[in-house]
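Enquirer: My structure is stored as work_30.txt, with compact mmCIF, C-alpha atoms and all ligand atoms.
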# COMPACT_ATOMS: atom_id res chain seq x y z
CA MET W 294 66.42 96.29 75.13
CA ARG W 295 64.67 98.47 77.73
CA ARG W 296 61.50 98.10 75.73
CA LYS W 297 61.65 94.37 76.29
CA TYR W 298 62.04 94.83 80.03
CA GLU W 299 59.63 92.81 82.13
CA GLN W 300 59.26 93.16 85.82
CA TYR W 301 59.43 89.42 86.32
CA GLN W 302 62.15 86.91 85.57
CA ASN W 303 61.96 85.88 81.94
CA PHE W 304 64.82 83.49 81.33
CA ASN W 305 62.19 80.81 80.65
CA LYS W 306 61.53 82.64 77.38
CA THR W 307 65.07 82.05 76.16
CA THR W 308 64.77 79.85 73.09
CA LYS W 309 66.08 76.30 72.87
CA LEU W 310 68.22 77.40 69.96
CA VAL W 311 70.02 79.98 72.10
CA LYS W 312 70.51 77.45 74.91
CA ARG W 313 71.86 74.92 72.42
CA ARG W 314 74.27 77.50 71.00
CA TYR W 315 75.54 78.13 74.52
CA SER W 316 75.96 74.42 75.30
CA ALA W 317 77.82 73.98 72.02
CA GLY W 318 80.28 76.70 73.07
CA LYS W 319 79.09 79.02 70.30
CA PHE W 320 78.66 82.18 72.38
CA ARG W 321 81.21 84.90 71.68
CA ARG W 322 83.99 84.91 74.30
CA ILE W 323 85.12 88.30 75.46
CA LYS W 324 88.56 87.50 76.69
CA SER W 325 90.32 89.41 79.44
CA THR W 326 92.68 92.12 78.28
CA ASP W 327 94.79 94.76 79.97
CA HIS W 328 92.51 97.53 78.70
CA PRO W 329 88.91 98.47 79.39
CA THR W 330 86.36 96.75 77.13
CA VAL W 331 83.12 98.35 75.96
CA LEU W 332 80.14 96.13 75.10
CA ARG W 333 77.68 97.66 72.68
CA LEU W 334 74.40 96.57 71.17
CA LYS W 335 73.97 96.72 67.40
CA ASP W 336 72.40 100.18 67.76
CA GLY W 337 75.56 101.43 69.50
CA GLY W 338 74.04 101.52 73.00
CA ILE W 339 76.50 100.56 75.72
CA VAL W 340 75.31 97.74 77.98
CA GLY W 341 78.57 96.71 79.61
CA TYR W 342 81.99 98.11 80.48
CA ARG W 343 84.82 96.02 81.91
CA VAL W 344 87.80 97.51 83.72
CA PRO W 345 90.74 95.18 84.42
CA ALA W 346 91.74 94.84 88.06
CA HIS W 347 95.19 96.43 87.69
CA LEU W 348 93.56 99.70 86.57
CA VAL W 349 91.43 99.72 89.70
CA ASP W 350 94.52 99.32 91.87
CA GLN W 351 97.88 98.22 90.56
CA HIS W 352 98.61 96.32 93.79
CA LEU W 353 95.13 94.75 93.83
CA SER W 354 94.64 95.95 97.39
CA HIS W 355 90.89 96.28 96.75
CA THR W 356 90.65 92.52 96.27
CA TYR W 357 92.95 91.63 99.20
CA ASN W 358 90.82 93.79 101.44
CA LEU W 359 87.59 92.05 100.43
CA GLU W 360 89.19 88.61 100.54
CA GLU W 361 90.43 89.19 104.08
CA TRP W 362 86.96 90.29 105.08
CA ALA W 363 85.37 87.16 103.58
CA ALA W 364 87.98 84.84 105.14
CA ARG W 365 87.49 86.41 108.58
CA HIS W 366 83.72 86.33 108.59
CA GLN W 367 82.73 83.52 106.24
CA ARG W 368 81.81 81.17 109.07
CA ARG W 369 79.96 83.70 111.19
CA LEU W 370 77.87 85.28 108.44
CA PRO W 371 74.24 84.10 108.41
CA LYS W 372 73.65 81.67 105.55
CA GLN W 373 70.81 83.46 103.84
CA SER W 374 70.32 81.73 100.53
CA ASP W 375 68.91 83.17 97.35
CA GLY W 376 67.36 80.26 95.47
CA GLY W 377 66.52 82.31 92.39
CA ARG W 378 70.14 83.17 91.79
CA GLY W 379 71.44 79.89 93.23
CA ILE W 380 73.62 81.44 95.95
CA ARG W 381 73.79 80.06 99.47
CA CYS W 382 75.18 83.06 101.32
CA VAL W 383 74.24 86.54 100.24
CA ARG W 384 74.29 89.66 102.39
CA ARG W 385 72.50 92.75 101.17
CA TYR W 386 73.98 95.93 102.57
CA ALA W 387 71.97 98.87 101.33
CA ARG W 388 69.93 101.94 101.97
CA TRP W 389 66.83 101.00 100.08
CA VAL W 390 63.10 101.37 99.96
CA LYS W 391 61.93 97.92 100.87
CA TYR W 392 59.79 96.45 103.52
CA ASN W 393 58.91 99.91 104.82
CA GLU W 394 55.65 101.57 104.18
CA ALA W 395 56.81 105.15 104.25
CA GLY W 396 58.74 104.55 101.03
CA VAL W 397 61.83 106.22 102.49
CA PRO W 398 65.34 104.71 102.10
CA LYS W 399 66.37 102.81 105.22
CA LEU W 400 69.30 100.60 106.14
CA SER W 401 68.68 97.01 105.11
CA GLY W 402 68.01 94.27 107.64
CA ASP W 403 71.24 92.42 106.75
CA TYR W 404 73.29 95.56 107.40
CA ILE W 405 71.74 95.98 110.83
CA GLN W 406 71.94 92.29 111.67
CA ASP W 407 75.60 91.93 110.66
CA GLY W 408 76.63 94.98 112.74
CA GLU W 409 80.43 95.28 112.92
CA MET W 410 80.92 92.83 110.07
CA ALA W 411 78.94 95.13 107.79
CA THR W 412 80.77 98.22 109.04
CA GLU W 413 84.07 96.50 108.42
CA PHE W 414 82.93 95.55 104.92
CA PHE W 415 82.53 99.22 104.09
CA GLU W 416 85.84 100.22 105.66
CA ARG W 417 87.51 97.63 103.49
CA SER W 418 85.59 98.43 100.29
CA GLN W 419 85.62 102.24 100.47
CA ALA W 420 88.68 102.58 98.23
CA LEU W 421 87.03 100.33 95.65
CA TRP W 422 83.90 102.51 95.47
CA ASP W 423 85.99 105.67 95.22
CA ARG W 424 87.88 104.17 92.29
CA ALA W 425 84.65 102.99 90.65
CA ILE W 426 83.45 106.62 90.57
CA GLU W 427 86.70 107.69 88.89
CA LEU W 428 86.64 104.80 86.42
CA PHE W 429 82.98 105.12 85.45
CA PRO W 430 82.89 105.97 81.70
CA LYS W 431 81.30 109.39 82.26
CA HIS W 432 81.91 110.61 78.73
CA HIS W 433 80.15 107.64 77.16
CA LEU W 434 77.36 107.43 79.71
CA PRO W 435 76.85 110.97 81.01
CA LYS W 436 73.16 110.58 81.85
CA ILE W 437 73.62 107.42 83.86
CA PHE W 438 76.50 109.01 85.75
CA ARG W 439 74.44 112.14 86.42
CA ASP W 440 71.40 110.20 87.63
CA LEU W 441 73.41 107.95 89.90
CA SER W 442 75.41 110.77 91.43
CA GLN W 443 73.32 113.90 91.63
CA TYR W 444 70.81 113.29 94.43
CA GLU W 445 71.81 112.83 98.03
CA LEU W 446 69.99 110.55 100.38
CA GLU W 447 68.07 112.07 103.28
CA ASP W 448 69.85 113.74 106.22
CA GLY W 449 73.27 113.75 104.64
CA HIS W 450 73.37 109.95 104.49
CA LYS W 451 75.97 108.87 102.03
CA ARG W 452 75.31 106.29 99.37
CA LEU W 453 76.98 103.20 100.77
CA CYS W 454 78.86 102.24 97.60
CA GLY W 455 80.06 105.42 95.93
CA LEU W 456 77.62 105.97 93.08
CA TRP W 457 75.33 103.20 94.26
CA THR W 458 73.09 103.05 97.28
CA GLY W 459 73.88 99.46 98.26
CA CYS W 460 75.31 96.11 97.30
CA ALA W 461 74.78 92.38 97.42
CA VAL W 462 77.78 90.48 98.71
CA ASN W 463 77.80 86.90 97.45
CA VAL W 464 80.01 84.86 99.73
CA GLY W 465 81.42 81.62 98.34
CA LEU W 466 81.56 78.75 100.80
CA GLU W 467 83.99 75.87 101.07
CA ASN W 468 83.93 74.00 97.74
CA GLU W 469 81.08 76.25 96.62
CA PRO W 470 82.41 79.15 94.57
CA VAL W 471 79.81 81.77 93.63
CA GLU W 472 78.16 80.69 90.37
CA THR W 473 74.80 82.28 89.72
CA LEU W 474 71.92 80.71 87.81
CA PRO W 475 70.40 82.70 84.94
CA HIS W 476 68.53 85.71 86.30
CA ARG W 477 68.03 89.45 85.99
CA ASP W 478 68.24 91.79 88.96
CA VAL W 479 64.79 93.15 88.31
CA GLN W 480 64.66 95.70 91.12
CA GLY W 481 67.41 97.83 89.56
CA PHE W 482 66.94 101.45 88.53
CA LEU W 483 65.57 101.27 84.97
CA HIS W 484 68.02 103.82 83.59
CA GLY W 485 70.97 102.71 85.67
CA MET W 486 73.83 100.28 85.64
CA SER W 487 75.27 98.09 88.40
CA CYS W 488 78.89 97.36 89.24
CA LEU W 489 80.12 93.78 89.70
CA CYS W 490 83.48 92.85 91.21
CA PRO W 491 84.46 89.19 91.67
CA PHE W 492 87.12 88.41 94.26
CA GLY W 493 88.91 85.39 95.72
CA ILE W 494 91.42 82.99 94.20
CA PHE W 495 89.57 81.32 91.38
CA SER W 496 89.50 80.43 87.74
CA GLY W 497 86.48 80.18 85.43
CA GLY W 498 83.21 81.82 86.49
CA GLY W 499 82.84 83.87 83.26
CA LEU W 500 79.65 85.92 83.07
CA VAL W 501 77.21 84.63 80.47
CA LEU W 502 75.10 87.42 78.93
CA TRP W 503 72.24 85.54 77.32
CA GLU W 504 70.68 88.21 75.11
CA LEU W 505 74.10 89.11 73.74
CA GLN W 506 75.05 85.44 73.33
CA ALA W 507 78.38 86.32 74.86
CA VAL W 508 80.56 85.28 77.79
CA VAL W 509 82.58 87.98 79.51
CA GLU W 510 85.67 86.65 81.23
CA LEU W 511 86.17 88.26 84.60
CA ARG W 512 89.32 87.98 86.65
CA ARG W 513 89.76 88.57 90.34
CA GLY W 514 89.26 92.27 91.09
CA ASP W 515 87.98 93.30 87.62
CA LEU W 516 85.04 95.69 87.56
CA PHE W 517 82.13 95.05 85.27
CA LEU W 518 79.51 97.78 84.90
CA PHE W 519 76.41 96.41 83.25
CA MET W 520 72.66 96.53 82.94
CA ASP W 521 71.92 93.60 85.20
CA HIS W 522 68.19 94.43 85.32
CA LEU W 523 67.86 94.14 81.53
CA LEU W 524 70.21 91.31 80.66
CA ASN W 525 69.77 87.72 81.76
CA HIS W 526 73.10 86.64 83.19
CA SER W 527 74.67 83.65 84.96
CA ASN W 528 78.13 82.27 85.67
CA GLU W 529 80.10 79.52 84.04
CA THR W 530 81.58 76.89 86.33
CA ALA W 531 84.13 78.42 88.70
CA TYR W 532 87.00 76.65 90.43
CA GLY W 533 88.55 77.63 93.74
CA THR W 534 87.27 80.34 96.03
CA ARG W 535 85.03 82.81 94.25
CA HIS W 536 83.04 85.59 95.91
CA SER W 537 81.50 88.64 94.31
CA VAL W 538 79.94 91.97 95.15
CA VAL W 539 77.36 93.79 93.03
CA ALA W 540 76.69 97.46 93.78
CA PHE W 541 73.25 98.71 92.70
CA THR W 542 70.67 101.45 93.09
CA ASP W 543 67.17 100.10 93.19
CA HIS W 544 64.34 101.57 91.22
CA ARG W 545 62.32 102.40 94.31
CA VAL W 546 65.12 104.64 95.60
CA TRP W 547 64.88 106.49 92.28
CA GLU W 548 61.12 106.86 92.82
CA TRP W 549 61.78 108.19 96.30
CA MET W 550 64.31 110.71 94.88
CA GLN W 551 61.64 112.01 92.52
CA ARG W 552 59.25 112.57 95.43
CA ARG W 553 61.93 114.02 97.69
CA TYR W 554 63.45 116.38 95.12
CA GLY W 555 60.16 117.16 93.37
CA PHE W 556 60.88 116.09 89.82
CA LYS W 557 59.30 113.61 87.48
CA ASP W 558 61.38 111.30 85.36
CA GLY W 559 59.44 111.58 82.10
CA ARG W 560 61.47 108.78 80.53
CA ILE W 561 59.85 106.19 82.79
CA LYS W 562 56.29 106.89 81.70
CA SER W 563 57.08 106.92 78.01
CA LEU W 564 59.23 103.84 78.46
CA GLN W 565 56.39 102.04 80.23
CA ALA W 566 54.03 102.98 77.40
CA SER W 567 56.48 101.70 74.82
CA GLN W 568 56.97 98.48 76.84
CA LYS W 569 53.21 98.00 76.83
CA ARG W 570 53.06 98.56 73.06
CA TYR W 571 55.85 96.04 72.63
CA ARG W 572 54.03 93.42 74.74
CA ASP W 573 50.69 94.03 72.96
CA GLU W 574 52.40 93.73 69.60
CA ARG W 575 54.07 90.49 70.61
CA ASN W 576 50.80 89.04 71.93
CA LYS W 577 49.06 90.00 68.71
CA GLN W 578 51.74 88.22 66.69
CA LYS W 579 51.43 85.11 68.87
CA GLU W 580 47.65 85.15 68.48
CA ALA W 581 47.97 85.47 64.69
CA CYS W 582 50.42 82.59 64.69
CA ARG W 583 48.05 80.40 66.72
CA ASN W 584 45.12 81.22 64.39
CA LYS W 585 47.22 80.39 61.36
CA LYS W 586 48.13 77.01 62.87
CA LYS W 587 44.46 76.31 63.59
CA VAL W 588 43.49 77.14 60.00
CA ASN W 589 46.29 75.00 58.61
CA SER W 590 45.30 72.02 60.74
CA GLY W 591 41.71 72.47 59.55
CA SER W 592 40.13 72.80 63.00
O1 LIG W 601 79.16 86.74 90.67
C1 LIG W 601 78.84 87.12 89.56
O2 LIG W 601 79.63 87.16 88.60
C2 LIG W 601 77.42 87.56 89.29
C3 LIG W 601 76.68 87.99 90.50
C4 LIG W 601 75.28 88.42 90.19
O3 LIG W 601 74.85 88.42 89.07
C5 LIG W 601 74.40 88.88 91.26
O4 LIG W 601 74.78 88.88 92.42
O5 LIG W 601 73.25 89.26 90.97
FE FE W 602 72.90 89.45 88.95
Mind turning the file's structure into structure tokens?
Ligand SMILES: O=C(O)CCC(=O)C(=O)O
Ligand SMILES: [Fe+2]
Expert:
Amino acid sequence: MRRKYEQYQNFNKTTKLVKRRYSAGKFRRIKSTDHPTVLRLKDGGIVGYRVPAHLVDQHLSHTYNLEEWAARHQRRLPKQSDGGRGIRCVRRYARWVKYNEAGVPKLSGDYIQDGEMATEFFERSQALWDRAIELFPKHHLPKIFRDLSQYELEDGHKRLCGLWTGCAVNVGLENEPVETLPHRDVQGFLHGMSCLCPFGIFSGGGLVLWELQAVVELRRGDLFLFMDHLLNHSNETAYGTRHSVVAFTDHRVWEWMQRRYGFKDGRIKSLQASQKRYRDERNKQKEACRNKKKVNSGS
């Protein structure tokens, strides 16, 4: 799956057959249960891990806290839309390497602009991030856990979201629950995993994972750890009030960590080489296919 990674959105390459299977309701449904669910590829690699809300907090206080925050600030928050993902109000609160030439992690513009609202968001979500660290499947995914947790940010700055250096808060508006269009979060750390938590009083909104031809049902306050940079994903229709938060570490922060702590992640180079081989191979096959068609049509 990582080999197929492309830096740009690639949902347009999803075949008609796959889209038809989805429309016909033929994707596998991964129903909610009271236990954690592991999603594996055929080769055994884990690409998703769902934790039901009651294991995060039996009283669901993590969701109440976020819901109160959204209800209090929904009207005041700037309506910054994200057309690619089809969301009308998204706030990105992160320390990230973006829009700054020095390549050093800085607080995001939304965090600074939203001031007390952003600070309050982190007061209210702190318990959730602490639990996410405890619930992360460290035994199954030791390398991802190590990479996400072992390097500090500069000057004792804490990662804003526990293991992750920032988050996108998708705020549903009146009669507009958060339902994303198919996309990948391409800026994510190539060997990492993000953490999604939907909140609000809603039904529907299952997460469609296109490459897996599966729909993961997510209830209010569930956690879903997944490779959002590798897998095209979108939401089914949601009803009611649906918001969500996705905690992530972006790849450029990982590049900064390598410079700051003086190490080289050898996996990236060999991965990039294998991605290139994969693309070349695919182009060759396409070319051969085109030539064959030409010969068959006698031109
Ligand atoms: O709300 C969701 O379930 C998905 C959100 C998402 O994919 C995103 O914010 O990138
Ligand atoms: Fe996403």
Enquirer: Kindly compile the residues surrounding ligand LIG 601 (chain W) within 7 Å, counting only C-alpha atoms and all ligand atoms, and format them as a PyMOL selection string.
Expert: chain W and resi 378+461+463+471-473+478+489+491+498+500+526-528+536-539
Enquirer: Tell me, in Å to one decimal, how far CA of Cys488 in chain W is from CA of Met410 in chain W.
Expert: 21.4 Å
Enquirer: Please compute the CA of Ala346 in chain W-CA of Thr458 in chain W distance, one decimal, in Å.
Expert: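 Interatomic distance here is 22.4 Å.
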Enquirer: Closest to Val464 in chain W among W:Lys577, W:Lys312, W:Arg333, W:Arg369, using only C-alpha atoms?
Expert: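 Among W:Lys577, W:Lys312, W:Arg333, W:Arg369, it is W:Arg369 that comes nearest to Val464 in chain W.
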Enquirer: Between W:Thr307, W:Arg365, W:Gly497, W:Gly514, which residue has the minimum interatomic distance to His352 in chain W, considering all atoms listed in the file?
Expert: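 Smallest separation from His352 in chain W among the options: W:Gly514.
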Enquirer: Just to confirm, what's the straight-line distance from CA of Phe414 in chain W to CA of His355 in chain W in Å (one decimal)?
Expert: 11.4 Å
Enquirer: Give the answer as one residue: which of W:Ser563, W:Gln506, W:Gln443, W:Thr412 has the shortest atom-to-atom distance to Phe320 in chain W, using all atoms listed in the file?
Expert: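 For Phe320 in chain W, the nearest of the candidates is W:Gln506.
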Enquirer: From the options W:Ser496, W:Ser374, W:Gln480, W:Ser325, which residue's atoms come nearest to Val462 in chain W, counting all atoms listed in the file?
Expert: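 Looking at the shortest contact to Val462 in chain W, the residue is W:Ser374.
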Enquirer: Using all atoms listed in the file, find the one residue out of W:Trp503, W:Phe429, W:Tyr532, W:Tyr301 that sits nearest to Pro329 in chain W.
Expert: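 Checking each candidate against Pro329 in chain W, we get W:Phe429 as the closest.
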Enquirer: Looking at all atoms listed in the file, which of W:Asp521, W:Glu580, W:Glu299, W:Asp375 is the one that sits closest to ligand FE 602 (chain W)?
Expert: W:Asp521
